[in-house]
>>> print(open('my_file38.pdb').read())   # PDB, C-alpha atoms
ATOM      1  CA  MET E   1     171.525 129.427  26.569
ATOM      2  CA  ARG E   2     172.698 127.229  23.710
ATOM      3  CA  GLY E   3     175.587 128.288  21.498
ATOM      4  CA  LEU E   4     177.394 126.812  18.521
ATOM      5  CA  VAL E   5     180.788 125.208  19.102
ATOM      6  CA  PHE E   6     183.314 123.854  16.604
ATOM      7  CA  LYS E   7     184.144 120.297  17.666
ATOM      8  CA  GLY E   8     186.824 119.476  15.094
ATOM      9  CA  ASN E   9     186.900 117.741  11.713
ATOM     10  CA  ARG E  10     183.989 119.712  10.232
ATOM     11  CA  THR E  11     181.662 119.023  13.159
ATOM     12  CA  ILE E  12     179.661 121.782  14.822
ATOM     13  CA  ALA E  13     177.218 121.389  17.701
ATOM     14  CA  LEU E  14     174.781 123.364  19.856
ATOM     15  CA  GLU E  15     175.909 123.202  23.482
ATOM     16  CA  GLU E  16     174.771 124.675  26.787
ATOM     17  CA  PHE E  17     176.462 127.812  28.161
ATOM     18  CA  PRO E  18     175.538 129.980  31.138
ATOM     19  CA  ASP E  19     173.656 133.123  30.208
ATOM     20  CA  PRO E  20     176.314 135.876  30.247
ATOM     21  CA  ALA E  21     176.243 138.613  32.876
ATOM     22  CA  PRO E  22     177.936 141.944  32.151
ATOM     23  CA  GLY E  23     181.108 142.661  34.089
ATOM     24  CA  PRO E  24     182.523 146.145  34.723
ATOM     25  CA  GLY E  25     182.655 148.108  31.483
ATOM     26  CA  GLU E  26     180.635 145.449  29.666
ATOM     27  CA  VAL E  27     177.194 145.096  28.129
ATOM     28  CA  VAL E  28     175.126 142.095  27.151
ATOM     29  CA  VAL E  29     173.853 142.140  23.586
ATOM     30  CA  ALA E  30     170.961 139.993  22.377
ATOM     31  CA  MET E  31     171.991 138.612  19.023
ATOM     32  CA  ARG E  32     169.702 139.324  16.098
ATOM     33  CA  ALA E  33     172.063 138.270  13.295
ATOM     34  CA  SER E  34     175.432 136.523  13.307
ATOM     35  CA  GLY E  35     177.267 136.256  10.011
ATOM     36  CA  ILE E  36     179.194 133.277   8.688
ATOM     37  CA  CYS E  37     182.661 134.290   7.502
ATOM     38  CA  GLY E  38     184.847 132.384   5.064
ATOM     39  CA  SER E  39     187.711 132.619   7.545
ATOM     40  CA  ASP E  40     185.636 130.438   9.902
ATOM     41  CA  LEU E  41     186.452 127.518   7.622
ATOM     42  CA  ASN E  42     189.957 127.351   9.090
ATOM     43  CA  LEU E  43     188.380 126.618  12.482
ATOM     44  CA  TYR E  44     185.675 124.386  11.024
ATOM     45  CA  ARG E  45     188.328 122.158   9.413
ATOM     46  CA  ARG E  46     190.663 122.059  12.405
ATOM     47  CA  ALA E  47     191.171 118.633  13.958
ATOM     48  CA  ALA E  48     190.987 119.671  17.629
ATOM     49  CA  PHE E  49     190.643 122.661  19.997
ATOM     50  CA  ASP E  50     192.251 123.567  23.300
ATOM     51  CA  ARG E  51     189.329 125.740  24.428
ATOM     52  CA  ARG E  52     185.540 125.696  24.242
ATOM     53  CA  VAL E  53     183.997 128.952  23.042
ATOM     54  CA  VAL E  54     180.906 130.016  21.147
ATOM     55  CA  CYS E  55     181.981 130.521  17.535
ATOM     56  CA  GLY E  56     181.112 133.358  15.139
ATOM     57  CA  HIS E  57     182.736 136.781  14.806
ATOM     58  CA  GLU E  58     180.177 138.844  12.890
ATOM     59  CA  PRO E  59     177.749 139.797  15.689
ATOM     60  CA  CYS E  60     174.885 142.257  15.469
ATOM     61  CA  GLY E  61     172.062 142.793  17.949
ATOM     62  CA  GLU E  62     170.613 145.061  20.626
ATOM     63  CA  VAL E  63     171.770 146.060  24.079
ATOM     64  CA  VAL E  64     169.812 144.339  26.870
ATOM     65  CA  ALA E  65     171.969 144.805  30.002
ATOM     66  CA  ARG E  66     174.835 146.976  31.274
ATOM     67  CA  GLY E  67     177.580 146.354  33.796
ATOM     68  CA  ALA E  68     179.173 148.693  36.301
ATOM     69  CA  GLY E  69     180.645 151.828  34.765
ATOM     70  CA  VAL E  70     178.431 151.741  31.657
ATOM     71  CA  SER E  71     175.711 154.382  31.627
ATOM     72  CA  GLU E  72     172.412 154.493  29.772
ATOM     73  CA  ARG E  73     173.949 157.256  27.677
ATOM     74  CA  ASP E  74     176.919 155.024  26.750
ATOM     75  CA  ALA E  75     174.756 152.067  25.722
ATOM     76  CA  PRO E  76     171.001 152.676  25.825
ATOM     77  CA  THR E  77     168.799 149.651  26.422
ATOM     78  CA  GLY E  78     167.491 148.482  23.053
ATOM     79  CA  GLN E  79     170.205 150.247  21.042
ATOM     80  CA  ARG E  80     170.888 148.488  17.732
ATOM     81  CA  VAL E  81     174.600 147.737  17.545
ATOM     82  CA  MET E  82     177.334 146.102  15.525
ATOM     83  CA  ILE E  83     180.295 144.752  17.482
ATOM     84  CA  HIS E  84     184.010 145.187  16.753
ATOM     85  CA  HIS E  85     184.922 141.572  17.361
ATOM     86  CA  TYR E  86     188.254 141.911  19.174
ATOM     87  CA  ARG E  87     189.444 142.551  22.712
ATOM     88  CA  GLY E  88     192.839 144.140  23.367
ATOM     89  CA  CYS E  89     194.819 145.377  26.364
ATOM     90  CA  GLY E  90     193.372 148.881  26.048
ATOM     91  CA  ARG E  91     196.755 150.426  26.885
ATOM     92  CA  CYS E  92     199.021 150.108  23.847
ATOM     93  CA  TRP E  93     199.202 152.540  20.922
ATOM     94  CA  LEU E  94     197.432 150.080  18.602
ATOM     95  CA  CYS E  95     194.478 149.835  20.972
ATOM     96  CA  GLY E  96     194.577 153.635  21.138
ATOM     97  CA  MET E  97     194.088 153.703  17.355
ATOM     98  CA  GLY E  98     191.158 151.314  17.690
ATOM     99  CA  TYR E  99     193.073 148.467  16.025
ATOM    100  CA  THR E 100     192.720 146.104  18.966
ATOM    101  CA  GLN E 101     193.171 143.156  16.597
ATOM    102  CA  MET E 102     196.838 144.158  16.298
ATOM    103  CA  CYS E 103     197.433 144.323  20.048
ATOM    104  CA  ARG E 104     199.950 141.800  21.390
ATOM    105  CA  GLU E 105     197.298 140.654  23.851
ATOM    106  CA  ALA E 106     194.457 140.550  21.296
ATOM    107  CA  GLU E 107     191.647 138.047  21.643
ATOM    108  CA  VAL E 108     189.227 137.309  18.832
ATOM    109  CA  MET E 109     185.542 136.604  19.374
ATOM    110  CA  GLY E 110     184.634 133.132  18.208
ATOM    111  CA  THR E 111     188.231 131.909  18.504
ATOM    112  CA  ASP E 112     189.630 132.999  21.868
ATOM    113  CA  ILE E 113     186.494 134.295  23.599
ATOM    114  CA  ASN E 114     182.779 133.684  23.071
ATOM    115  CA  GLY E 115     181.392 134.890  19.769
ATOM    116  CA  GLY E 116     178.015 135.613  18.243
ATOM    117  CA  HIS E 117     176.512 132.233  17.325
ATOM    118  CA  ALA E 118     174.333 132.237  20.450
ATOM    119  CA  PRO E 119     171.342 134.204  21.751
ATOM    120  CA  LEU E 120     173.448 136.447  24.029
ATOM    121  CA  ILE E 121     176.995 137.805  24.185
ATOM    122  CA  ALA E 122     178.828 139.874  26.800
ATOM    123  CA  VAL E 123     181.262 142.398  25.294
ATOM    124  CA  GLN E 124     183.148 145.527  26.276
ATOM    125  CA  ALA E 125     180.985 148.597  25.757
ATOM    126  CA  SER E 126     183.913 150.122  23.846
ATOM    127  CA  THR E 127     183.408 147.567  21.047
ATOM    128  CA  LEU E 128     179.901 148.774  20.149
ATOM    129  CA  VAL E 129     179.094 150.664  16.945
ATOM    130  CA  GLU E 130     175.559 151.928  16.452
ATOM    131  CA  LEU E 131     173.673 150.335  13.562
ATOM    132  CA  PRO E 132     171.728 152.900  11.496
ATOM    133  CA  PRO E 133     167.968 152.230  11.352
ATOM    134  CA  GLU E 134     168.119 152.022   7.558
ATOM    135  CA  LEU E 135     170.253 148.854   7.711
ATOM    136  CA  SER E 136     169.028 145.376   8.591
ATOM    137  CA  TRP E 137     170.457 143.177  11.324
ATOM    138  CA  ALA E 138     172.056 140.977   8.655
ATOM    139  CA  GLU E 139     173.657 143.987   6.966
ATOM    140  CA  GLY E 140     175.089 145.019  10.322
ATOM    141  CA  ALA E 141     176.549 141.545  10.751
ATOM    142  CA  ALA E 142     178.150 141.800   7.307
ATOM    143  CA  ILE E 143     179.781 145.139   8.161
ATOM    144  CA  ALA E 144     181.101 143.558  11.389
ATOM    145  CA  CYS E 145     183.645 141.645   9.295
ATOM    146  CA  GLY E 146     183.372 140.798   5.583
ATOM    147  CA  THR E 147     181.775 143.928   4.141
ATOM    148  CA  GLY E 148     183.679 146.146   6.562
ATOM    149  CA  THR E 149     186.920 144.499   5.467
ATOM    150  CA  ALA E 150     186.102 145.220   1.827
ATOM    151  CA  TYR E 151     185.374 148.862   2.646
ATOM    152  CA  ALA E 152     188.609 149.243   4.616
ATOM    153  CA  ALA E 153     190.623 147.795   1.719
ATOM    154  CA  LEU E 154     189.037 150.208  -0.759
ATOM    155  CA  LYS E 155     189.879 153.064   1.602
ATOM    156  CA  ARG E 156     193.501 151.910   1.782
ATOM    157  CA  LEU E 157     193.636 151.781  -2.008
ATOM    158  CA  ASP E 158     191.970 155.229  -2.152
ATOM    159  CA  VAL E 159     189.637 154.171  -4.955
ATOM    160  CA  LEU E 160     188.411 156.993  -7.201
ATOM    161  CA  GLY E 161     185.976 157.199 -10.077
ATOM    162  CA  ARG E 162     188.787 157.402 -12.644
ATOM    163  CA  ASP E 163     190.297 154.085 -11.503
ATOM    164  CA  THR E 164     190.141 150.602 -12.961
ATOM    165  CA  LEU E 165     190.154 148.075 -10.114
ATOM    166  CA  VAL E 166     190.584 144.330 -10.615
ATOM    167  CA  ILE E 167     189.260 142.139  -7.773
ATOM    168  CA  PHE E 168     190.424 138.534  -7.463
ATOM    169  CA  GLY E 169     187.863 136.381  -5.655
ATOM    170  CA  GLN E 170     184.116 136.990  -5.606
ATOM    171  CA  GLY E 171     183.200 135.353  -2.359
ATOM    172  CA  PRO E 172     181.341 137.497   0.177
ATOM    173  CA  VAL E 173     184.265 139.908   0.714
ATOM    174  CA  GLY E 174     184.993 140.210  -3.001
ATOM    175  CA  LEU E 175     181.312 140.695  -3.845
ATOM    176  CA  SER E 176     181.069 143.417  -1.206
ATOM    177  CA  ALA E 177     184.182 145.056  -2.624
ATOM    178  CA  THR E 178     182.661 144.979  -6.113
ATOM    179  CA  GLN E 179     179.439 146.505  -4.847
ATOM    180  CA  LEU E 180     181.148 149.226  -2.810
ATOM    181  CA  ALA E 181     183.725 150.059  -5.512
ATOM    182  CA  LYS E 182     180.904 150.588  -8.004
ATOM    183  CA  ALA E 183     179.267 152.944  -5.502
ATOM    184  CA  MET E 184     182.611 154.799  -5.504
ATOM    185  CA  ALA E 185     182.285 155.024  -9.312
ATOM    186  CA  ALA E 186     185.298 152.822 -10.146
ATOM    187  CA  ARG E 187     185.485 150.523 -13.151
ATOM    188  CA  VAL E 188     185.572 146.964 -11.745
ATOM    189  CA  ILE E 189     187.015 143.840 -13.331
ATOM    190  CA  ALA E 190     186.054 140.794 -11.245
ATOM    191  CA  VAL E 191     187.811 137.408 -11.376
ATOM    192  CA  ASP E 192     186.442 134.124  -9.984
ATOM    193  CA  PRO E 193     186.308 130.483 -11.172
ATOM    194  CA  SER E 194     182.752 129.922  -9.833
ATOM    195  CA  VAL E 195     180.014 130.463 -12.403
ATOM    196  CA  GLU E 196     177.541 131.269  -9.615
ATOM    197  CA  ARG E 197     179.788 133.874  -8.081
ATOM    198  CA  ARG E 198     180.590 135.436 -11.440
ATOM    199  CA  ALA E 199     176.853 135.790 -12.027
ATOM    200  CA  MET E 200     176.436 137.495  -8.659
ATOM    201  CA  SER E 201     179.358 139.783  -9.436
ATOM    202  CA  SER E 202     177.672 140.905 -12.645
ATOM    203  CA  GLN E 203     174.503 141.594 -10.670
ATOM    204  CA  MET E 204     176.548 143.667  -8.229
ATOM    205  CA  GLY E 205     177.657 145.862 -11.114
ATOM    206  CA  ALA E 206     181.043 144.492 -12.198
ATOM    207  CA  ASP E 207     181.916 145.949 -15.602
ATOM    208  CA  VAL E 208     183.832 142.845 -16.703
ATOM    209  CA  VAL E 209     183.765 139.355 -15.191
ATOM    210  CA  LEU E 210     186.567 136.855 -15.926
ATOM    211  CA  ASP E 211     186.864 133.106 -15.443
ATOM    212  CA  PRO E 212     190.536 132.403 -14.609
ATOM    213  CA  THR E 213     190.145 128.801 -15.757
ATOM    214  CA  ASP E 214     189.130 130.002 -19.217
ATOM    215  CA  VAL E 215     191.345 133.063 -19.816
ATOM    216  CA  ASP E 216     194.639 134.410 -18.550
ATOM    217  CA  PRO E 217     193.362 137.132 -16.193
ATOM    218  CA  VAL E 218     196.619 139.092 -16.245
ATOM    219  CA  ALA E 219     196.823 139.241 -20.035
ATOM    220  CA  THR E 220     193.118 140.027 -20.292
ATOM    221  CA  VAL E 221     193.323 142.866 -17.760
ATOM    222  CA  TRP E 222     196.236 144.392 -19.682
ATOM    223  CA  GLU E 223     194.252 144.098 -22.926
ATOM    224  CA  LEU E 224     191.258 145.785 -21.298
ATOM    225  CA  THR E 225     193.439 148.651 -20.080
ATOM    226  CA  HIS E 226     195.205 149.455 -23.375
ATOM    227  CA  GLY E 227     198.350 147.595 -22.349
ATOM    228  CA  GLU E 228     198.846 149.589 -19.139
ATOM    229  CA  GLY E 229     197.401 147.338 -16.413
ATOM    230  CA  ALA E 230     194.797 148.091 -13.769
ATOM    231  CA  ASP E 231     195.309 151.167 -11.612
ATOM    232  CA  MET E 232     194.873 148.996  -8.545
ATOM    233  CA  SER E 233     194.060 145.434  -7.586
ATOM    234  CA  LEU E 234     192.562 143.638  -4.616
ATOM    235  CA  ASP E 235     192.965 139.985  -3.673
ATOM    236  CA  CYS E 236     190.063 138.565  -1.673
ATOM    237  CA  SER E 237     190.741 134.943  -2.562
ATOM    238  CA  GLY E 238     193.704 133.865  -0.460
ATOM    239  CA  ASN E 239     194.723 131.735  -3.439
ATOM    240  CA  SER E 240     198.484 131.712  -4.035
ATOM    241  CA  GLU E 241     198.203 131.920  -7.840
ATOM    242  CA  ALA E 242     195.591 134.668  -7.686
ATOM    243  CA  ARG E 243     197.807 136.645  -5.329
ATOM    244  CA  VAL E 244     200.621 136.677  -7.866
ATOM    245  CA  GLN E 245     198.189 137.575 -10.647
ATOM    246  CA  CYS E 246     196.887 140.401  -8.464
ATOM    247  CA  ALA E 247     200.333 142.017  -8.530
ATOM    248  CA  ARG E 248     201.035 141.286 -12.186
ATOM    249  CA  ALA E 249     197.702 142.698 -13.375
ATOM    250  CA  THR E 250     198.530 146.078 -11.820
ATOM    251  CA  ARG E 251     200.160 148.877 -13.816
ATOM    252  CA  PRO E 252     203.529 150.463 -13.019
ATOM    253  CA  TRP E 253     203.205 152.771  -9.991
ATOM    254  CA  GLY E 254     199.940 151.006  -9.170
ATOM    255  CA  LYS E 255     198.723 149.536  -5.880
ATOM    256  CA  ALA E 256     197.914 145.931  -4.959
ATOM    257  CA  CYS E 257     196.033 145.211  -1.728
ATOM    258  CA  TYR E 258     195.676 141.835  -0.011
ATOM    259  CA  VAL E 259     192.885 140.798   2.382
ATOM    260  CA  GLY E 260     192.519 137.061   1.616
ATOM    261  CA  ALA E 261     193.904 135.305   4.683
ATOM    262  CA  HIS E 262     196.381 132.436   5.128
ATOM    263  CA  GLY E 263     198.556 130.610   2.614
ATOM    264  CA  THR E 264     201.534 131.883   0.657
ATOM    265  CA  ALA E 265     202.515 133.538  -2.615
ATOM    266  CA  THR E 266     205.808 133.658  -4.513
ATOM    267  CA  PHE E 267     206.677 136.796  -6.463
ATOM    268  CA  GLU E 268     209.495 137.499  -8.879
ATOM    269  CA  MET E 269     210.499 140.562  -6.951
ATOM    270  CA  THR E 270     212.379 142.413  -9.676
ATOM    271  CA  PRO E 271     209.855 142.265 -12.555
ATOM    272  CA  ASP E 272     206.694 141.983 -10.445
ATOM    273  CA  VAL E 273     207.387 144.580  -7.766
ATOM    274  CA  ILE E 274     210.631 146.528  -7.921
ATOM    275  CA  HIS E 275     210.881 147.456 -11.602
ATOM    276  CA  ARG E 276     207.216 148.449 -11.672
ATOM    277  CA  GLN E 277     207.443 150.563  -8.494
ATOM    278  CA  LEU E 278     204.452 148.613  -7.151
ATOM    279  CA  THR E 279     202.912 149.531  -3.801
ATOM    280  CA  ILE E 280     201.799 146.417  -1.923
ATOM    281  CA  LEU E 281     199.290 146.872   0.898
ATOM    282  CA  GLY E 282     198.037 144.503   3.537
ATOM    283  CA  CYS E 283     194.651 145.186   5.082
ATOM    284  CA  TRP E 284     193.375 143.424   8.200
ATOM    285  CA  THR E 285     189.775 144.304   8.957
ATOM    286  CA  PHE E 286     189.180 147.817  10.407
ATOM    287  CA  ASN E 287     188.572 149.864  13.537
ATOM    288  CA  ARG E 288     185.260 151.054  14.979
ATOM    289  CA  GLN E 289     185.441 154.360  13.112
ATOM    290  CA  LEU E 290     185.658 152.591   9.754
ATOM    291  CA  MET E 291     182.731 150.339  10.710
ATOM    292  CA  ALA E 292     180.611 153.400  11.368
ATOM    293  CA  GLU E 293     181.848 155.062   8.172
ATOM    294  CA  CYS E 294     181.021 151.972   6.099
ATOM    295  CA  ALA E 295     177.493 151.946   7.498
ATOM    296  CA  ARG E 296     177.028 155.664   6.747
ATOM    297  CA  PHE E 297     178.403 155.213   3.239
ATOM    298  CA  ALA E 298     175.938 152.396   2.545
ATOM    299  CA  VAL E 299     173.024 154.482   3.782
ATOM    300  CA  GLU E 300     174.019 157.683   1.986
ATOM    301  CA  ARG E 301     174.840 155.981  -1.321
ATOM    302  CA  LYS E 302     171.887 153.596  -1.015
ATOM    303  CA  VAL E 303     174.111 150.518  -1.331
ATOM    304  CA  GLU E 304     171.985 147.414  -0.827
ATOM    305  CA  LEU E 305     174.457 145.464   1.296
ATOM    306  CA  GLY E 306     171.919 142.703   1.873
ATOM    307  CA  ARG E 307     172.325 141.552  -1.726
ATOM    308  CA  VAL E 308     175.508 139.731  -0.688
ATOM    309  CA  PHE E 309     173.390 137.208   1.273
ATOM    310  CA  THR E 310     172.141 134.086  -0.464
ATOM    311  CA  ASN E 311     171.353 131.938   2.584
ATOM    312  CA  THR E 312     169.805 132.497   6.016
ATOM    313  CA  PHE E 313     169.777 129.889   8.773
ATOM    314  CA  ASN E 314     168.771 129.307  12.363
ATOM    315  CA  LEU E 315     171.276 127.890  14.837
ATOM    316  CA  GLY E 316     169.798 124.408  14.489
ATOM    317  CA  GLN E 317     170.853 124.390  10.822
ATOM    318  CA  ALA E 318     174.531 124.930  11.587
ATOM    319  CA  SER E 319     175.829 121.779   9.876
ATOM    320  CA  GLU E 320     174.022 122.631   6.641
ATOM    321  CA  ALA E 321     175.161 126.248   6.901
ATOM    322  CA  TYR E 322     178.864 125.452   7.122
ATOM    323  CA  GLU E 323     178.652 122.793   4.417
ATOM    324  CA  ARG E 324     177.244 125.440   2.082
ATOM    325  CA  VAL E 325     179.908 127.964   3.051
ATOM    326  CA  GLU E 326     182.643 125.409   2.401
ATOM    327  CA  ALA E 327     181.253 124.685  -1.090
ATOM    328  CA  GLN E 328     182.312 128.259  -1.994
ATOM    329  CA  ASN E 329     179.766 128.723  -4.767
ATOM    330  CA  THR E 330     177.286 131.006  -3.003
ATOM    331  CA  GLY E 331     177.158 134.442  -1.492
ATOM    332  CA  LYS E 332     177.137 135.077   2.230
ATOM    333  CA  GLY E 333     175.278 133.080   4.884
ATOM    334  CA  VAL E 334     173.905 134.410   8.167
ATOM    335  CA  PHE E 335     172.227 133.044  11.264
ATOM    336  CA  ILE E 336     169.063 134.971  12.137
ATOM    337  CA  LEU E 337     168.184 134.791  15.819
TER
END
>>> encode(input="my_file38.pdb", output="structure tokens")
Amino acid sequence: MRGLVFKGNRTIALEEFPDPAPGPGEVVVAMRASGICGSDLNLYRRAAFDRRVVCGHEPCGEVVARGAGVSERDAPTGQRVMIHHYRGCGRCWLCGMGYTQMCREAEVMGTDINGGHAPLIAVQASTLVELPPELSWAEGAAIACGTGTAYAALKRLDVLGRDTLVIFGQGPVGLSATQLAKAMAARVIAVDPSVERRAMSSQMGADVVLDPTDVDPVATVWELTHGEGADMSLDCSGNSEARVQCARATRPWGKACYVGAHGTATFEMTPDVIHRQLTILGCWTFNRQLMAECARFAVERKVELGRVFTNTFNLGQASEAYERVEAQNTGKGVFIL
């Protein structure tokens, strides 16, 4: 088979790999959709790599083969599945919770082990989450990372219909958070410098959309909340300035959650955090149970998760795909296989 490989310095190529065979406890999944995540840009921009793996960590497809110890009941042939894209030791308490990404021996698909940008992938049967028939392959791929991350963050914040939530960053994760928070009946204030992404945010249901290059988002959020601040905030940008604004836009006793990866932020601890009794939360993806819950929520609340996609590609269009993702003025991209 041919899979996509990051070669360094924004180069990506289709290269030959052996067709995977399932080992003990494993299944082979035929990829039907493999999402492109903003966090992939860190690999895309890297100068060099010490290993050669198929990239992509938002896999969704159907079971086509089983290894020893995996029964038809465990993973029926043809079952539509999302994949929790980590592999852990399986012994520690974090693996026991399903948070294999936090295991000391964790490996990440697309970075440490082969990922989903290829026709086939061999994975542990324990990583599979059934994809409801009401959801498309692409929607399953979105839940496998970006949309699932947004849902997990909203769960950590415990969003309710009475809450005002300000979301910094309206890339694919932020747009999904806007869409899901509206389905939870929250009032959403969305912040992003991209005119295209602000337009998408409005279409997703954001009550107020702010351009941080035109207004002071912190002052504006406080004005919109009668001088009290937002009940909670969520940073999906990874931008150091936005991260600080995320905390400062939140009311006393409020909660600020951070999912945007990498980089730094500098807080004035006394006024920004301590004197306002602020609760700061970090949220790193999810476990299999939350993936399944996110899918059920989307089906039951009729959330059209596919609206986050603006571009579909085949594997031969990989260079164009990652150039568009890096431009950061569109919604989500996905490879359809």
>>> resolve_selection(input="my_file38.pdb", expression="the PyMOL selection byres ((chain E and resi 105) around 8)", output="NGL selection string")
:E and (88-89 or 103-104 or 106-107)
>>> resolve_selection(input="my_file38.pdb", expression="the PyMOL selection byres ((chain E and resi 247) around 12)", output="ChimeraX atom specification")
/E:165-168,217-218,221,229-235,240-246,248-258,265-269,271-274,276-281
>>> atom_distance(input="my_file38.pdb", atom1="CA of His117 (chain E)", atom2="CA of Ile36 (chain E)")
9.1 Å
>>> closest_residue(input="my_file38.pdb", among="E:Arg32, E:His84, E:His226, E:Arg52", to="Gln289 (chain E)", atoms="all atoms listed in the file")
E:His84
>>> resolve_selection(input="my_file38.pdb", expression="the PyMOL selection byres ((chain E and resi 193) around 12)", output="count of residues only")
28
>>> residues_around(input="my_file38.pdb", residues="Gly306 (chain E)", least_positions_apart="3", cutoff="8 Å", atoms="all atoms listed in the file", output="list in words")
Ser136, Ala138, Glu139 and Phe309 of chain E
>>> build_atoms(input="my_file38.pdb", residues="region 238-252 of chain E", atoms="N, CA and C atoms", output="short mmCIF file (atom, residue, chain, number, x, y, z; two decimals), in the frame of the given file")
data_model
loop_
_atom_site.label_atom_id
_atom_site.label_comp_id
_atom_site.auth_asym_id
_atom_site.auth_seq_id
_atom_site.Cartn_x
_atom_site.Cartn_y
_atom_site.Cartn_z
N GLY E 238 192.77 134.65 -1.24
CA GLY E 238 193.70 133.86 -0.46
C GLY E 238 194.38 132.78 -1.26
N ASN E 239 194.13 132.74 -2.56
CA ASN E 239 194.72 131.74 -3.44
C ASN E 239 196.11 132.19 -3.87
N SER E 240 197.10 131.31 -3.78
CA SER E 240 198.48 131.71 -4.04
C SER E 240 198.68 132.18 -5.48
N GLU E 241 198.06 131.51 -6.44
CA GLU E 241 198.20 131.92 -7.84
C GLU E 241 197.51 133.25 -8.08
N ALA E 242 196.32 133.42 -7.51
CA ALA E 242 195.59 134.67 -7.69
C ALA E 242 196.35 135.84 -7.06
N ARG E 243 197.04 135.58 -5.97
CA ARG E 243 197.81 136.65 -5.33
C ARG E 243 198.91 137.17 -6.24
N VAL E 244 199.58 136.26 -6.93
CA VAL E 244 200.62 136.68 -7.87
C VAL E 244 200.00 137.42 -9.04
N GLN E 245 198.88 136.91 -9.54
CA GLN E 245 198.19 137.57 -10.65
C GLN E 245 197.72 138.96 -10.24
N CYS E 246 197.33 139.11 -8.99
CA CYS E 246 196.89 140.40 -8.46
C CYS E 246 197.98 141.45 -8.65
N ALA E 247 199.22 141.09 -8.35
CA ALA E 247 200.33 142.02 -8.53
C ALA E 247 200.63 142.25 -10.00
N ARG E 248 200.64 141.18 -10.78
CA ARG E 248 201.04 141.29 -12.19
C ARG E 248 199.99 141.98 -13.05
N ALA E 249 198.75 142.02 -12.60
CA ALA E 249 197.70 142.70 -13.38
C ALA E 249 197.69 144.20 -13.15
N THR E 250 198.53 144.67 -12.22
CA THR E 250 198.53 146.08 -11.82
C THR E 250 199.60 146.86 -12.59
N ARG E 251 199.27 148.05 -13.00
CA ARG E 251 200.16 148.88 -13.82
C ARG E 251 201.38 149.35 -13.02
N PRO E 252 202.42 149.80 -13.71
CA PRO E 252 203.53 150.46 -13.02
C PRO E 252 203.03 151.64 -12.18
#
